[in-house]
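The structure under discussion appears below in the form of structure tokens.
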Amino acid sequence: MDSETVDTVVLSARRISKSFSGVQVLFSVNFDLRAGEIHALMGENGAGKSTLVKILSGFEAPTSGEILLDGKPVTLPPNGAAEALGIVIIHQEFNLAEHLTVTESLFLGREVTRFGMLDRKHMRAETRRVLDLLGSHVDENAMISSLSIADKQMVEIAKAISRDARVVFMDEPTAVLSREETSFLFRQVRKLRDQGTSFVFVSHKLDEVMELTDRVTVLRDGQWIKTSPTNMLDGESIAQLMVGRELSSLYPAKNEPDIDEEVMLSVQSLSTDYVTDASFEVRKGEILGFSGMIGSGRTELMEAVAGLRSRASGEVVIKGETVMSGDVHATNRCGLAYMTKDRKSKGLLLNSGMTANLTLQSLDRHGKLGYLSPSSEAAALERARRRFDIRVRDGSIAARRMSGGNQQKLLLAKVMETEPDVIIIDEPTRGIDVGTKQQIYHFISALARDGKSIIVVSSEMPEIIGLCTRVAVMREGRIVGMLEGDEISEQEIMRYAAGLKKKQAA
Amino acid sequence: MSVNEEAKDIRRRSWRDIDLRAVAPFAALVLLLILGALVNPNFIGLTNLANVATRSAFIAIIAVGATFVISSGDLDLSVGSMVAFVASLMIIFMNSGVIADPALMLTAAVAFAIIVGAACGLANGLITTLGRIEPFIATLGTMGIYRGLTTWLSQGGAITLREPELQALYRPAYFGSILGLPVPIAIILLVTAIAAFILYRTRYGRHVVAVGSNSDVARYSGIAVNRVRTIAFVIQGLCVAIAVLLYVPRLGSTSATTGILWELQAITAVVVGGTALKGGAGRVWGTICGAFILELVGNIMLLSNFISEYLIGAIQGSIIIIAMLVQRSLVRKS
């Protein structure tokens with residue numbers, strides 16, 4: 001690419017401000033996107049990234065300021081109509097109709113016709129071509145509902161690419177992709193960049209930003225902080241710009257429990273439709289990690305342990321008490337709580353306030369004979385806000401209006417309200433910013449020091465390595481390795497997860 | 001910030017916190033009352049308004065039950081048929097003469113109606129949850145069953161309460177009054193107050209709203225989703241039974257056409273009252289307001305001479321559409 005195209009600005013924001021019902025979330029932000037660049041947009045949750053992306057793609061109108069497309073001021077049409085101008089957004093939440101096929105989804109709203117009839121053959125071939133470009137093996141005739149989350153993400157990306165976009169916004173596109181899929185995606189993004197397409201890449205994964213992007217813009221508390229070529233920065237300095245303070249160590253010191261501590265949870269040869277013969281134990285005060293590829297059966301296993309899914313065989317013993325298959329109440333009563341990774345569709349009531357969410361799982365603690373005491377609930381909220389540092393301006397805000405980080409803290413607080421002794425945390429920090437991540441790691445560590453037993457399921461290896469004293473690795477529904485002490489390293493976990501190494505779980 | 005300013009800030013916020021959707025039905029009610037007074041001075045008289053409220057009792061009480069079912073994300077189409085079925089069984093029971101003493105007989109009949117109503121609700125709930133059938137379809141089925149059984153019991157004619165002594169004893173339940181308040185109005189207020197307490201102030205009420213807004217979240221929070229839904233249907237059945245207890249003394253008779261289309265009026269009252277049809281938010285007092293609005297519109301049309309009362313159905317249909325449009329615009333603003 002020559003130097004001329006590099007300097008052409010395609011889309012730019014001039015002094016954009018935005019308020020939602022009196023609360024200002026963007027303060028006079030400037031942003032330039034050049035032709036043929038991959039531009040990372042970074043910041044903590046609530047820094048205003050998503051709002052800026054929505055304004056630049058026409059989904060929200062700015063309160064003040066202007067948007068320039070090819071140097072001319074424009075008013076972007078609302079509700080995704082900006083796609084006609086070549087501005088495409090890949091949403092964090094999927095926008096796919098479950099009962100359409102992959103091909104139908106890709107061509108939804110712009111079906112190709114021949115003599116007034118749908119040209120299915122052409123659309124199928126085109127879909128195949130785009131999927132092959134992405135290195136995806138998704139069948140173009142498959143129903144969306146039959147796809148895994150990662151495949152759905154691939155279809156979303158294929159959909160954007162197939163629209164000949166000039167500007168593509170990607171909001172956390174790799175959150176649910178495996179490493180292999182991520183590198184395919186990156187290769188394709190680079191190829192499109194070299195042909196002149198511009199990308200805005202919103203992500204919390206610093207290593208991916210370093211690897212993929214050309215320039216970085218950092219926002220903090222709704223203000224523009226810095227725009228700089230990526231190679232002038234390193235991960236540490238970006239993190240500092242985002243948080244605005246020195247990051248002390250991300251992970252707290254590990255605290256190994258005594259070998260003869262009481263066993264709080266014991267799972268013996270548990271099997272479900274997918275999980276086969278899983279056995280493990282957790283001791284008091286221990287943090288046990290569960291690692292593995294996406295789809296390796298970690299969540300299935302944990303849901304079966306928690307009684308949310310019925311098991312075909314095997315035994316779960318919590319603090320010496322055997323619990324029946326598929327009985328959530330019994331496991332809760334015995335002191336085990338499961339925190340879902342899917343906070344938006346399985347964790348929180350998005351339209352309800354913080355109180356209703358916080359106490360939902362523990363309502364019997366707030367009054368007798370089914371009556372709920374408002375003062376007792378208010379006290380619980382006050383306690384939880386202090387304990388988990390939930391920062392919101394307005395206590396009556398609906399959960400959907402909270403930032404991802406605050407939602408995650410609220411979900412953790414909700415699970416902790418049941419006062420469990422064994423806590424299974426599935427993806428403790430998915431889609432939240434560095435500052436909140438660090439806080440959550442410290443909460444987890446403090447809980448373990450208080451004598452709680454914790455299982456952390458995570459796809460982020462640094463998290464598993466930084467937090468856990470023992471790590472189980474799963475592959476295709478089986479526990480294929482149990483690592484301790486110095487064995488816990490990225491290479492070693494990968495060897496088990498990829499099936500290069502195998503040993504009987506301890 | 002000084003104390004004074006802080007207080008002002010709090011006051012401003014409490015104004016903003018008022019949910020327009022909750023207020024809208026009551027504002028509409030006030031507007032209707034003003035309109036009615038303009039149309040005919042007799043309208044605003046206490047006698048007329050008490051009459052309107054009394055006539056709205058059946059739909060209002062049934063709609064309170066429907067508020068629970070709809071809040072939990074379900075729908076019950078069978079309530080109109082259920083009224084006919086429960087009322088028919090109750091009259092047949094009273095005609096059977098198994099208990100000689102009229103007072104005892106009446107007490108037994110009341111208990112019998114309540115049990116039958118609860119059982120009908122339970123059947124709806126179990127078919128929907130255990131049978132995993134869409135509530136729309138499940139209750140469409142039971143709607144046909146309850147209606148058909150009523151037609152069969154009455155052999156296509158009417159079922160009439162024969163015992164004059166029982167009639168005399170039972171009459172005040174609809175036509176009497178307590179401290180000047182007609183009994184049906186007292187019952188509406190009592191049923192609504194209990195329902196509001198259950199929905200807003202108890203664990204079960206919170207569970208209903210949670211299940212209605214997102215049943216996955218409810219399940220992951222350890223809530224027995226199917227039990228919550230089934231109980232909501234039973235509450236609906238109980239409310240139908242209470243409506244029947246008022247209905248039977250009024251006419252003392254049922255037929256195959258009793259309660260026809262009442263399910264639609266009940267659903268209209270619930271939706272006009274501000275409860276979301278897709279579940280997750282219940283407004284019991286709004287429902288009562290909605291039932292009252294429906295009856296008022298009919299009354300205004302009767303008293304005014306420029307719209308034919310044969311158009312009542314069309315006007316009520318328009319009301320539900322207007323109510324939805326108003327609600328939607330309020331949501332967008334907030």
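Chain labels A, B, ... are given in the sequence in which chains occur in the structure tokens; within each chain residues are numbered consecutively from 1, and ligands are likewise numbered from 1 in the order shown.
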For the contact check between chain A and chain B, emit one row per residue of chain A within 7 Å, containing the shortest atom pair and the distance in Å rounded to one decimal, counting only C-alpha atoms, chain then rising number order, as JSON lines.
```
{"residue": "A:Val328", "atom": "CA", "partner": "B:Gly222", "partner_atom": "CA", "distance": 5.8}
{"residue": "A:His329", "atom": "CA", "partner": "B:Gly222", "partner_atom": "CA", "distance": 6.1}
{"residue": "A:Ser345", "atom": "CA", "partner": "B:Val217", "partner_atom": "CA", "distance": 6.6}
{"residue": "A:Lys346", "atom": "CA", "partner": "B:Val217", "partner_atom": "CA", "distance": 4.2}
{"residue": "A:Gly347", "atom": "CA", "partner": "B:Val217", "partner_atom": "CA", "distance": 5.2}
{"residue": "A:Leu348", "atom": "CA", "partner": "B:Val217", "partner_atom": "CA", "distance": 6.1}
{"residue": "A:Leu349", "atom": "CA", "partner": "B:Asn214", "partner_atom": "CA", "distance": 6.6}
{"residue": "A:Leu360", "atom": "CA", "partner": "B:Ser221", "partner_atom": "CA", "distance": 6.7}
{"residue": "A:Gln361", "atom": "CA", "partner": "B:Ser221", "partner_atom": "CA", "distance": 4.9}
{"residue": "A:Leu363", "atom": "CA", "partner": "B:Arg203", "partner_atom": "CA", "distance": 6.1}
{"residue": "A:Gly370", "atom": "CA", "partner": "B:Arg203", "partner_atom": "CA", "distance": 5.0}
{"residue": "A:Tyr371", "atom": "CA", "partner": "B:Thr202", "partner_atom": "CA", "distance": 4.3}
{"residue": "A:Leu372", "atom": "CA", "partner": "B:Thr202", "partner_atom": "CA", "distance": 5.0}
```
Those selected residues, please, written with all heavy atoms and delivered as a compact mmCIF listing (two decimals), in the first residue's frame.
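Final output, result_26.txt:
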```txt
# COMPACT_ATOMS: atom_id res chain seq x y z
N VAL A 328 -31.07 -28.55 41.87
CA VAL A 328 -30.37 -27.30 42.19
C VAL A 328 -30.57 -26.93 43.65
O VAL A 328 -29.64 -26.45 44.31
CB VAL A 328 -30.91 -26.11 41.37
CG1 VAL A 328 -29.87 -25.03 41.26
CG2 VAL A 328 -31.36 -26.56 40.01
N HIS A 329 -31.78 -27.13 44.16
CA HIS A 329 -32.06 -26.71 45.52
C HIS A 329 -31.18 -27.44 46.51
O HIS A 329 -30.65 -26.84 47.44
CB HIS A 329 -33.53 -26.97 45.85
CG HIS A 329 -34.44 -26.14 45.03
ND1 HIS A 329 -34.75 -24.85 45.37
CD2 HIS A 329 -35.05 -26.38 43.86
CE1 HIS A 329 -35.55 -24.34 44.45
NE2 HIS A 329 -35.73 -25.26 43.51
N SER A 345 -27.82 -13.49 29.60
CA SER A 345 -29.05 -14.25 29.36
C SER A 345 -29.33 -15.30 30.43
O SER A 345 -30.42 -15.84 30.45
CB SER A 345 -29.04 -14.88 27.97
OG SER A 345 -27.98 -15.78 27.86
N LYS A 346 -28.35 -15.58 31.31
CA LYS A 346 -28.64 -16.56 32.35
C LYS A 346 -28.36 -16.04 33.75
O LYS A 346 -28.72 -16.67 34.73
CB LYS A 346 -27.83 -17.84 32.12
CG LYS A 346 -28.30 -18.58 30.90
CD LYS A 346 -27.51 -19.83 30.66
CE LYS A 346 -28.02 -20.54 29.42
NZ LYS A 346 -26.95 -21.20 28.69
N GLY A 347 -27.70 -14.88 33.84
CA GLY A 347 -27.28 -14.41 35.15
C GLY A 347 -28.15 -13.31 35.73
O GLY A 347 -28.54 -13.39 36.89
N LEU A 348 -28.48 -12.31 34.93
CA LEU A 348 -29.15 -11.14 35.48
C LEU A 348 -30.46 -10.87 34.76
O LEU A 348 -30.59 -11.12 33.56
CB LEU A 348 -28.25 -9.90 35.34
CG LEU A 348 -26.93 -9.91 36.10
CD1 LEU A 348 -26.11 -8.68 35.77
CD2 LEU A 348 -27.15 -10.00 37.60
N LEU A 349 -31.42 -10.33 35.49
CA LEU A 349 -32.66 -9.83 34.89
C LEU A 349 -32.35 -8.42 34.41
O LEU A 349 -32.28 -7.49 35.20
CB LEU A 349 -33.79 -9.81 35.91
CG LEU A 349 -34.19 -11.16 36.49
CD1 LEU A 349 -35.20 -10.96 37.61
CD2 LEU A 349 -34.78 -12.04 35.40
N LEU A 360 -32.35 -12.28 44.29
CA LEU A 360 -33.21 -13.28 43.62
C LEU A 360 -32.93 -14.70 44.08
O LEU A 360 -33.83 -15.52 44.22
CB LEU A 360 -33.02 -13.17 42.10
CG LEU A 360 -33.99 -13.98 41.25
CD1 LEU A 360 -35.41 -13.54 41.52
CD2 LEU A 360 -33.67 -13.82 39.78
N GLN A 361 -31.64 -15.00 44.32
CA GLN A 361 -31.27 -16.37 44.64
C GLN A 361 -31.38 -16.65 46.15
O GLN A 361 -31.26 -17.78 46.57
CB GLN A 361 -29.83 -16.62 44.16
CG GLN A 361 -29.51 -18.06 43.91
CD GLN A 361 -28.35 -18.20 42.96
OE1 GLN A 361 -27.89 -17.23 42.37
NE2 GLN A 361 -27.84 -19.40 42.82
N LEU A 363 -33.90 -15.11 48.40
CA LEU A 363 -35.04 -14.35 48.91
C LEU A 363 -35.50 -14.83 50.29
O LEU A 363 -36.03 -14.05 51.07
CB LEU A 363 -36.22 -14.43 47.92
CG LEU A 363 -36.05 -13.57 46.67
CD1 LEU A 363 -37.17 -13.84 45.69
CD2 LEU A 363 -36.03 -12.10 47.03
N GLY A 370 -42.45 -16.14 53.33
CA GLY A 370 -42.60 -15.62 51.97
C GLY A 370 -42.70 -14.12 51.89
O GLY A 370 -42.62 -13.54 50.82
N TYR A 371 -42.88 -13.43 53.03
CA TYR A 371 -42.94 -11.96 52.99
C TYR A 371 -41.54 -11.41 52.80
O TYR A 371 -40.58 -11.93 53.35
CB TYR A 371 -43.55 -11.43 54.29
CG TYR A 371 -43.45 -9.93 54.41
CD1 TYR A 371 -44.26 -9.10 53.65
CD2 TYR A 371 -42.52 -9.35 55.27
CE1 TYR A 371 -44.15 -7.73 53.73
CE2 TYR A 371 -42.40 -7.97 55.36
CZ TYR A 371 -43.23 -7.16 54.59
OH TYR A 371 -43.10 -5.80 54.67
N LEU A 372 -41.41 -10.36 51.98
CA LEU A 372 -40.10 -9.75 51.75
C LEU A 372 -40.01 -8.42 52.47
O LEU A 372 -40.88 -7.56 52.32
CB LEU A 372 -39.88 -9.51 50.25
CG LEU A 372 -39.79 -10.75 49.38
CD1 LEU A 372 -39.66 -10.33 47.93
CD2 LEU A 372 -38.61 -11.60 49.80
```
Could the residues of stretch 206-310 of chain B that have an atom at most 8 Å from stretch 167-189 of chain B be listed as a Markdown table, each with its closest atom pair and the distance in Å to one decimal, counting only C-alpha atoms and ordered by chain and ascending residue number?
```
| residue | atom | partner | partner_atom | distance |
| --- | --- | --- | --- | --- |
| B:Leu245 | CA | B:Ala173 | CA | 7.9 |
| B:Leu246 | CA | B:Tyr174 | CA | 5.5 |
| B:Tyr247 | CA | B:Tyr174 | CA | 7.5 |
| B:Pro249 | CA | B:Arg171 | CA | 5.0 |
| B:Arg250 | CA | B:Tyr174 | CA | 5.9 |
| B:Gly252 | CA | B:Gln167 | CA | 7.4 |
```
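With only C-alpha atoms as the atoms that count, the minimum distance from B:Leu31 to the choices B:Gly121, B:Val98, B:Leu303, B:Leu296 is reached by B:Leu296.
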Within 8 Å of stretch 109-119 of chain B using only C-alpha atoms, minus same-chain residues under 5 positions, as a ChimeraX atom specification: /B:82,86-87,89-90,93-94,234-242,244-245
Coordinates-based distance that separates atom CA of A:Val480 from atom CA of A:Ala278 (Å, one decimal):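 Those two atoms sit 9.3 Å apart.
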Selection near stretch 259-262 of chain B, 9 Å with only C-alpha atoms, sequence-local residues under 4 positions removed, as an MDAnalysis selection string: chainID B and resid 58:59 62 79:84 266:267
Just-selected residues, all heavy atoms written as a PDB file, in the first residue's frame:
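What ended up in part04.pdb:
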```
ATOM      1  N   PHE B  58     -66.774  -8.793  37.587  1.00  0.00           N
ATOM      2  CA  PHE B  58     -66.378 -10.118  37.054  1.00  0.00           C
ATOM      3  C   PHE B  58     -65.060 -10.025  36.295  1.00  0.00           C
ATOM      4  O   PHE B  58     -64.107 -10.761  36.557  1.00  0.00           O
ATOM      5  CB  PHE B  58     -67.468 -10.678  36.142  1.00  0.00           C
ATOM      6  CG  PHE B  58     -68.831 -10.680  36.757  1.00  0.00           C
ATOM      7  CD1 PHE B  58     -69.920 -10.136  36.102  1.00  0.00           C
ATOM      8  CD2 PHE B  58     -69.016 -11.231  38.017  1.00  0.00           C
ATOM      9  CE1 PHE B  58     -71.165 -10.131  36.687  1.00  0.00           C
ATOM     10  CE2 PHE B  58     -70.264 -11.240  38.616  1.00  0.00           C
ATOM     11  CZ  PHE B  58     -71.346 -10.675  37.946  1.00  0.00           C
ATOM     12  N   ILE B  59     -65.024  -9.099  35.320  1.00  0.00           N
ATOM     13  CA  ILE B  59     -63.809  -8.970  34.514  1.00  0.00           C
ATOM     14  C   ILE B  59     -62.627  -8.544  35.383  1.00  0.00           C
ATOM     15  O   ILE B  59     -61.522  -9.071  35.255  1.00  0.00           O
ATOM     16  CB  ILE B  59     -64.042  -7.932  33.383  1.00  0.00           C
ATOM     17  CG1 ILE B  59     -65.135  -8.423  32.438  1.00  0.00           C
ATOM     18  CG2 ILE B  59     -62.749  -7.690  32.614  1.00  0.00           C
ATOM     19  CD1 ILE B  59     -64.856  -9.734  31.766  1.00  0.00           C
ATOM     20  N   ILE B  62     -61.298 -11.543  37.451  1.00  0.00           N
ATOM     21  CA  ILE B  62     -60.635 -12.511  36.561  1.00  0.00           C
ATOM     22  C   ILE B  62     -59.321 -11.933  36.063  1.00  0.00           C
ATOM     23  O   ILE B  62     -58.289 -12.623  35.999  1.00  0.00           O
ATOM     24  CB  ILE B  62     -61.550 -12.857  35.361  1.00  0.00           C
ATOM     25  CG1 ILE B  62     -62.794 -13.604  35.863  1.00  0.00           C
ATOM     26  CG2 ILE B  62     -60.805 -13.710  34.350  1.00  0.00           C
ATOM     27  CD1 ILE B  62     -63.870 -13.736  34.801  1.00  0.00           C
ATOM     28  N   VAL B  79     -60.413 -18.732  30.536  1.00  0.00           N
ATOM     29  CA  VAL B  79     -61.130 -18.220  31.708  1.00  0.00           C
ATOM     30  C   VAL B  79     -62.633 -18.031  31.461  1.00  0.00           C
ATOM     31  O   VAL B  79     -63.443 -18.306  32.353  1.00  0.00           O
ATOM     32  CB  VAL B  79     -60.504 -16.911  32.231  1.00  0.00           C
ATOM     33  CG1 VAL B  79     -59.161 -17.194  32.863  1.00  0.00           C
ATOM     34  CG2 VAL B  79     -60.366 -15.874  31.143  1.00  0.00           C
ATOM     35  N   GLY B  80     -63.020 -17.571  30.269  1.00  0.00           N
ATOM     36  CA  GLY B  80     -64.446 -17.363  29.998  1.00  0.00           C
ATOM     37  C   GLY B  80     -65.216 -18.668  30.102  1.00  0.00           C
ATOM     38  O   GLY B  80     -66.262 -18.754  30.762  1.00  0.00           O
ATOM     39  N   SER B  81     -64.683 -19.725  29.471  1.00  0.00           N
ATOM     40  CA  SER B  81     -65.330 -21.039  29.541  1.00  0.00           C
ATOM     41  C   SER B  81     -65.308 -21.578  30.959  1.00  0.00           C
ATOM     42  O   SER B  81     -66.253 -22.240  31.409  1.00  0.00           O
ATOM     43  CB  SER B  81     -64.602 -22.045  28.643  1.00  0.00           C
ATOM     44  OG  SER B  81     -64.444 -21.534  27.373  1.00  0.00           O
ATOM     45  N   MET B  82     -64.209 -21.237  31.661  1.00  0.00           N
ATOM     46  CA  MET B  82     -64.071 -21.752  33.025  1.00  0.00           C
ATOM     47  C   MET B  82     -65.167 -21.168  33.920  1.00  0.00           C
ATOM     48  O   MET B  82     -65.713 -21.867  34.778  1.00  0.00           O
ATOM     49  CB  MET B  82     -62.684 -21.409  33.557  1.00  0.00           C
ATOM     50  CG  MET B  82     -62.136 -22.375  34.585  1.00  0.00           C
ATOM     51  SD  MET B  82     -60.717 -21.684  35.443  1.00  0.00           S
ATOM     52  CE  MET B  82     -59.447 -21.855  34.229  1.00  0.00           C
ATOM     53  N   VAL B  83     -65.490 -19.891  33.716  1.00  0.00           N
ATOM     54  CA  VAL B  83     -66.579 -19.256  34.481  1.00  0.00           C
ATOM     55  C   VAL B  83     -67.869 -20.052  34.269  1.00  0.00           C
ATOM     56  O   VAL B  83     -68.542 -20.437  35.244  1.00  0.00           O
ATOM     57  CB  VAL B  83     -66.789 -17.791  34.025  1.00  0.00           C
ATOM     58  CG1 VAL B  83     -68.098 -17.252  34.585  1.00  0.00           C
ATOM     59  CG2 VAL B  83     -65.637 -16.915  34.481  1.00  0.00           C
ATOM     60  N   ALA B  84     -68.201 -20.337  33.005  1.00  0.00           N
ATOM     61  CA  ALA B  84     -69.431 -21.061  32.700  1.00  0.00           C
ATOM     62  C   ALA B  84     -69.424 -22.442  33.346  1.00  0.00           C
ATOM     63  O   ALA B  84     -70.413 -22.873  33.956  1.00  0.00           O
ATOM     64  CB  ALA B  84     -69.588 -21.187  31.185  1.00  0.00           C
ATOM     65  N   ALA B 266     -60.596  -9.764  29.766  1.00  0.00           N
ATOM     66  CA  ALA B 266     -59.646  -9.824  30.878  1.00  0.00           C
ATOM     67  C   ALA B 266     -58.244  -9.464  30.387  1.00  0.00           C
ATOM     68  O   ALA B 266     -57.530  -8.669  31.008  1.00  0.00           O
ATOM     69  CB  ALA B 266     -59.652 -11.221  31.505  1.00  0.00           C
ATOM     70  N   ILE B 267     -57.853 -10.032  29.247  1.00  0.00           N
ATOM     71  CA  ILE B 267     -56.516  -9.742  28.727  1.00  0.00           C
ATOM     72  C   ILE B 267     -56.407  -8.257  28.373  1.00  0.00           C
ATOM     73  O   ILE B 267     -55.397  -7.604  28.657  1.00  0.00           O
ATOM     74  CB  ILE B 267     -56.217 -10.628  27.501  1.00  0.00           C
ATOM     75  CG1 ILE B 267     -56.108 -12.095  27.938  1.00  0.00           C
ATOM     76  CG2 ILE B 267     -54.918 -10.198  26.818  1.00  0.00           C
ATOM     77  CD1 ILE B 267     -56.085 -13.084  26.791  1.00  0.00           C
TER      78      ILE B 267
END
```
Who sits within 12 Å of A:Gly222, only C-alpha atoms, same chain under 2 positions skipped, as a PyMOL selection string: chain A and resi 15-19+23-30+42-52+218-220+224-225+242
Which residue of A:Ala125, A:Ala378, A:Leu410, A:Met339 approaches A:Asn357 most closely, using only C-alpha atoms: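 Closest residue, counting only C-alpha atoms: A:Leu410.
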Shell of 8 Å around stretch 438-444 of chain A, only C-alpha atoms, local chain residues under 6 positions omitted, as a list in words: Leu250, Tyr251, Pro252, Phe388, Lys409, Pro428, Thr429, Ile454 and Leu467 of chain A
With N, CA and C atoms retained, could you export that selection as a PDB file, in the first residue's frame?
```
ATOM      1  N   LEU A 250      -1.430  -7.796  38.796  1.00  0.00           N
ATOM      2  CA  LEU A 250      -2.775  -8.144  38.393  1.00  0.00           C
ATOM      3  C   LEU A 250      -3.345  -9.250  39.285  1.00  0.00           C
ATOM      4  N   TYR A 251      -2.468 -10.198  39.623  1.00  0.00           N
ATOM      5  CA  TYR A 251      -2.927 -11.351  40.411  1.00  0.00           C
ATOM      6  C   TYR A 251      -2.415 -11.265  41.834  1.00  0.00           C
ATOM      7  N   PRO A 252      -3.274 -11.562  42.794  1.00  0.00           N
ATOM      8  CA  PRO A 252      -2.821 -11.582  44.184  1.00  0.00           C
ATOM      9  C   PRO A 252      -1.919 -12.796  44.431  1.00  0.00           C
ATOM     10  N   PHE A 388     -18.301  -5.378  47.082  1.00  0.00           N
ATOM     11  CA  PHE A 388     -17.799  -5.681  45.746  1.00  0.00           C
ATOM     12  C   PHE A 388     -17.565  -4.421  44.914  1.00  0.00           C
ATOM     13  N   LYS A 409     -19.758  -7.758  38.742  1.00  0.00           N
ATOM     14  CA  LYS A 409     -19.649  -7.646  40.195  1.00  0.00           C
ATOM     15  C   LYS A 409     -20.997  -7.922  40.848  1.00  0.00           C
ATOM     16  N   PRO A 428     -14.743 -15.922  34.970  1.00  0.00           N
ATOM     17  CA  PRO A 428     -14.975 -14.813  35.911  1.00  0.00           C
ATOM     18  C   PRO A 428     -14.837 -13.426  35.296  1.00  0.00           C
ATOM     19  N   THR A 429     -14.113 -13.272  34.209  1.00  0.00           N
ATOM     20  CA  THR A 429     -13.847 -11.914  33.717  1.00  0.00           C
ATOM     21  C   THR A 429     -14.128 -11.764  32.233  1.00  0.00           C
ATOM     22  N   ILE A 454     -13.004 -22.756  45.786  1.00  0.00           N
ATOM     23  CA  ILE A 454     -13.410 -22.095  44.548  1.00  0.00           C
ATOM     24  C   ILE A 454     -12.933 -22.879  43.329  1.00  0.00           C
ATOM     25  N   LEU A 467      -4.135 -17.547  39.120  1.00  0.00           N
ATOM     26  CA  LEU A 467      -4.997 -17.675  40.291  1.00  0.00           C
ATOM     27  C   LEU A 467      -4.907 -19.020  40.987  1.00  0.00           C
TER      28      LEU A 467
END
```
